[in-house]
Amino acid sequence: MKAFTPVHREQFTRGVLTRSDLDPTSPVRQFHKWFAAAQRSGLVAHPETCCLSTASLPSGRVSSRMVYLKELDAQGFVIYSNFGTSKKARDLATNPWASLTFWWEDLERQVRVEGRASRLTREESQKYFDTRVRGSRIGAWSSRQSQVLKPTGGEIGEDGDDGRKILDEWVKETEKRFEGEEHIPVPEFWGGLRIIPESVEFWQGRQNRLHDRFVYDKKPPTEGNSEEWTLERLSP
């Protein structure tokens with residue numbers, strides 16, 4: 001078996017994380033703090049990049065993909081995508097639980113979010129959809145995400161088409177459909193997904209793999225009480 005890592009890995013030495021560094025009551029406020037630090041650092045090109053993982057039931061089979069965090073409000077973490085034909089849509093139809101993982105390598109920091117996912121309203125999704133460039137809005141309508149694309153002739157022909165041609169045709173059809181129209185409605189199968197956090201872990205790399213890990217877990221709701229969280233240090 002071929003090894004893909006050197007015998008001696010670099011040590012994590014760029015930071016320390018203690019309980020006093022963390023917001024005592026809110027993982028969302030703490031995330032905002034770390035996200036702002038990643039933006040200011042100049043070391044993380046796209047701090048909004050994260051890995052969205054979903055799992056289908058009853059198989060439990062997990063799938064993951066890289067997405068962009070677009071919004072974070074008091075309710076949760078919001079991404080936008082296709083929820084008509086995609087693998088994530090099929091997973092979420094059987095299992096609403098999902099996770100997001102942020103990895104900011106040059107800061108030696110990681111954040112894991114676990115929670116239930118719920119779709120944004122069409123009105124909410126439209127507001128974001130309107131901010132996208134026209135080509136991206138056309139693309140959202142055109143793509144049957146995750147569907148297999150076959151060469152138009154049934155096999156790769158002399159023109160070299162490997163299935164891309166049919167996607168290009170779908171785009172042309174959409175462009176014709178919305179020709180001359182400035183306002184393009186958000187597709188029913190496309191929109192925002194909010195991960196409502198139940199658990200949020202903050203990870204800071206340390207020497208000898210003795211990392212600092214702290215996890216916020218949401219307390220069960222009680223009548224008349226606002227949202228409350230526990231905060232615990234975890235063993236690496």
# chains A, B, ... in the order shown; residues from 1 in each chain; ligands from 1

$ residues_around --residues "A:Gly135" --least-positions-apart "5" --cutoff "10 Å" --atoms "only C-alpha atoms" --output "number ranges by chain"
A: 140, 171, 175

$ write_last_selection --atoms "N, CA and C atoms" --output "PDB file, in the first residue's frame"
ATOM      1  N   ALA A 140     -28.766  27.651 -13.299  1.00  0.00           N
ATOM      2  CA  ALA A 140     -29.579  26.986 -12.290  1.00  0.00           C
ATOM      3  C   ALA A 140     -30.820  26.360 -12.919  1.00  0.00           C
ATOM      4  N   VAL A 171     -28.903  24.818 -21.861  1.00  0.00           N
ATOM      5  CA  VAL A 171     -28.606  26.229 -21.591  1.00  0.00           C
ATOM      6  C   VAL A 171     -29.198  27.109 -22.693  1.00  0.00           C
ATOM      7  N   GLU A 175     -31.881  30.094 -22.217  1.00  0.00           N
ATOM      8  CA  GLU A 175     -31.604  31.454 -22.681  1.00  0.00           C
ATOM      9  C   GLU A 175     -32.728  31.958 -23.588  1.00  0.00           C
TER      10      GLU A 175
END

$ closest_atom_pairs --of "stretch 1-57 of chain A" --to "stretch 100-117 of chain A" --cutoff "9 Å" --atoms "only C-alpha atoms" --output "tab-separated table"
residue	atom	partner	partner_atom	distance
A:Phe12	CA	A:Glu108	CA	6.7
A:Thr13	CA	A:Glu108	CA	8.2
A:Arg14	CA	A:Leu107	CA	6.6
A:Gly15	CA	A:Glu108	CA	7.5
A:Phe31	CA	A:Val111	CA	8.1
A:Trp34	CA	A:Arg109	CA	8.9
A:Ala38	CA	A:Trp104	CA	7.4
A:Ser41	CA	A:Leu107	CA	8.4
A:Leu43	CA	A:Asp106	CA	6.0
A:Val44	CA	A:Trp104	CA	6.3
A:His46	CA	A:Trp104	CA	8.9
A:Pro47	CA	A:Trp104	CA	6.8
A:Glu48	CA	A:Phe102	CA	7.7
A:Thr49	CA	A:Phe102	CA	6.7
A:Cys50	CA	A:Phe102	CA	4.7
A:Cys51	CA	A:Thr101	CA	5.0
A:Leu52	CA	A:Leu100	CA	4.7
A:Ser53	CA	A:Leu100	CA	6.4

$ residues_around --residues "A:Ser125" --least-positions-apart "4" --cutoff "10 Å" --atoms "only C-alpha atoms" --output "number ranges by chain"
A: 80, 119-121, 129-130, 185-188, 190-193

$ residues_around --residues "A:Arg61" --least-positions-apart "5" --cutoff "12 Å" --atoms "only C-alpha atoms" --output "list in words"
Ser53, Thr54, Ala55, Ser56, Lys87, Lys88, Arg90, Asp91, Leu92, Thr94 and Asn95 of chain A

$ write_last_selection --atoms "N, CA and C atoms" --output "tab-separated table (two decimals), in the first residue's frame"
chain	number	residue	atom	x	y	z
A	53	SER	N	-22.24	17.51	4.22
A	53	SER	CA	-22.42	16.06	4.22
A	53	SER	C	-23.86	15.72	4.56
A	54	THR	N	-24.40	14.76	3.81
A	54	THR	CA	-25.75	14.25	4.04
A	54	THR	C	-25.69	12.74	4.02
A	55	ALA	N	-26.73	12.09	4.52
A	55	ALA	CA	-26.77	10.63	4.54
A	55	ALA	C	-28.18	10.15	4.24
A	56	SER	N	-28.28	9.13	3.42
A	56	SER	CA	-29.58	8.58	3.07
A	56	SER	C	-29.96	7.47	4.03
A	87	LYS	N	-28.14	14.51	-5.50
A	87	LYS	CA	-27.97	13.47	-4.49
A	87	LYS	C	-28.34	14.00	-3.12
A	88	LYS	N	-27.96	15.22	-2.83
A	88	LYS	CA	-28.28	15.78	-1.51
A	88	LYS	C	-29.79	15.86	-1.29
A	90	ARG	N	-32.03	13.83	-2.53
A	90	ARG	CA	-32.53	12.48	-2.23
A	90	ARG	C	-32.19	12.08	-0.81
A	91	ASP	N	-30.98	12.45	-0.36
A	91	ASP	CA	-30.59	12.16	1.02
A	91	ASP	C	-31.52	12.86	2.01
A	92	LEU	N	-31.72	14.15	1.80
A	92	LEU	CA	-32.50	14.94	2.74
A	92	LEU	C	-33.97	14.56	2.76
A	94	THR	N	-34.99	11.61	2.94
A	94	THR	CA	-35.12	10.48	3.86
A	94	THR	C	-34.53	10.77	5.23
A	95	ASN	N	-33.68	11.80	5.31
A	95	ASN	CA	-32.96	12.08	6.55
A	95	ASN	C	-32.62	13.57	6.61

$ atom_distance --atom1 "atom CA of A:His183" --atom2 "atom CA of A:Gln145"
22.7 Å

$ select_by_dssp --residues "stretch 2-215 of chain A" --states "strand (DSSP E or B)" --output "PyMOL selection string"
chain A and resi 49-55+62-68+71-72+77-82+97-104+109-119+190-204+212-215

$ closest_residue --among "A:Gln11, A:Ser146, A:Thr230, A:Thr152" --to "A:Phe83" --atoms "only C-alpha atoms"
A:Ser146

$ atom_distance --atom1 "atom CA of A:Ala93" --atom2 "atom CA of A:Leu57"
9.0 Å

$ closest_atom_pairs --of "stretch 124-230 of chain A" --to "stretch 18-29 of chain A" --cutoff "8 Å" --atoms "only C-alpha atoms" --output "JSON lines"
{"residue": "A:Val200", "atom": "CA", "partner": "A:Pro27", "partner_atom": "CA", "distance": 6.5}
{"residue": "A:Asp212", "atom": "CA", "partner": "A:Thr18", "partner_atom": "CA", "distance": 7.4}
{"residue": "A:Phe214", "atom": "CA", "partner": "A:Arg19", "partner_atom": "CA", "distance": 7.7}
{"residue": "A:Tyr216", "atom": "CA", "partner": "A:Pro27", "partner_atom": "CA", "distance": 6.4}
{"residue": "A:Glu228", "atom": "CA", "partner": "A:Thr25", "partner_atom": "CA", "distance": 7.0}
{"residue": "A:Trp229", "atom": "CA", "partner": "A:Thr25", "partner_atom": "CA", "distance": 6.1}
{"residue": "A:Thr230", "atom": "CA", "partner": "A:Thr25", "partner_atom": "CA", "distance": 7.7}

$ atom_distance --atom1 "atom CA of A:Ser59" --atom2 "atom CA of A:Ile79"
25.1 Å

$ select_by_dssp --residues "stretch 37-150 of chain A" --states "helix (DSSP H, G or I)" --output "PyMOL selection string"
chain A and resi 37-41+87-94+105-107+122-129+134-142

$ closest_residue --among "A:Phe35, A:Pro96, A:Gly205, A:Ser86" --to "A:Leu69" --atoms "only C-alpha atoms"
A:Phe35

$ residues_around --residues "A:Glu10" --least-positions-apart "5" --cutoff "12 Å" --atoms "only C-alpha atoms" --output "list in words"
Thr5, Glu108, Gly205, Arg206, Gln207, Asn208 and Arg209 of chain A

$ residues_around --residues "A:Phe189" --least-positions-apart "3" --cutoff "9 Å" --atoms "only C-alpha atoms" --output "PyMOL selection string"
chain A and resi 81-85+141+186

$ write_last_selection --atoms "N, CA, C and O atoms" --output "mmCIF file, in the first residue's frame"
data_model
loop_
_atom_site.group_PDB
_atom_site.id
_atom_site.type_symbol
_atom_site.label_atom_id
_atom_site.label_comp_id
_atom_site.auth_asym_id
_atom_site.auth_seq_id
_atom_site.Cartn_x
_atom_site.Cartn_y
_atom_site.Cartn_z
ATOM 1 N N SER A 81 -28.547 25.656 -3.444
ATOM 2 C CA SER A 81 -28.219 24.579 -4.374
ATOM 3 C C SER A 81 -29.475 24.065 -5.059
ATOM 4 O O SER A 81 -30.573 24.589 -4.866
ATOM 5 N N ASN A 82 -29.285 23.017 -5.861
ATOM 6 C CA ASN A 82 -30.379 22.318 -6.522
ATOM 7 C C ASN A 82 -30.951 21.278 -5.571
ATOM 8 O O ASN A 82 -30.210 20.470 -5.010
ATOM 9 N N PHE A 83 -32.262 21.289 -5.387
ATOM 10 C CA PHE A 83 -32.896 20.308 -4.509
ATOM 11 C C PHE A 83 -33.994 19.535 -5.243
ATOM 12 O O PHE A 83 -34.942 19.054 -4.640
ATOM 13 N N GLY A 84 -33.805 19.424 -6.555
ATOM 14 C CA GLY A 84 -34.747 18.664 -7.351
ATOM 15 C C GLY A 84 -34.212 17.294 -7.722
ATOM 16 O O GLY A 84 -34.821 16.267 -7.417
ATOM 17 N N THR A 85 -33.050 17.278 -8.374
ATOM 18 C CA THR A 85 -32.501 16.019 -8.890
ATOM 19 C C THR A 85 -31.187 15.621 -8.233
ATOM 20 O O THR A 85 -30.637 14.567 -8.557
ATOM 21 N N TRP A 141 -31.423 27.063 -13.870
ATOM 22 C CA TRP A 141 -32.588 26.537 -14.570
ATOM 23 C C TRP A 141 -32.209 25.383 -15.493
ATOM 24 O O TRP A 141 -32.993 24.445 -15.698
ATOM 25 N N VAL A 186 -36.813 32.298 -9.433
ATOM 26 C CA VAL A 186 -36.033 31.186 -8.921
ATOM 27 C C VAL A 186 -36.767 29.883 -9.231
ATOM 28 O O VAL A 186 -37.996 29.803 -9.079
#

$ closest_residue --among "A:Arg9, A:Arg134, A:Arg233, A:Lys219" --to "A:Trp203" --atoms "only C-alpha atoms"
A:Arg233
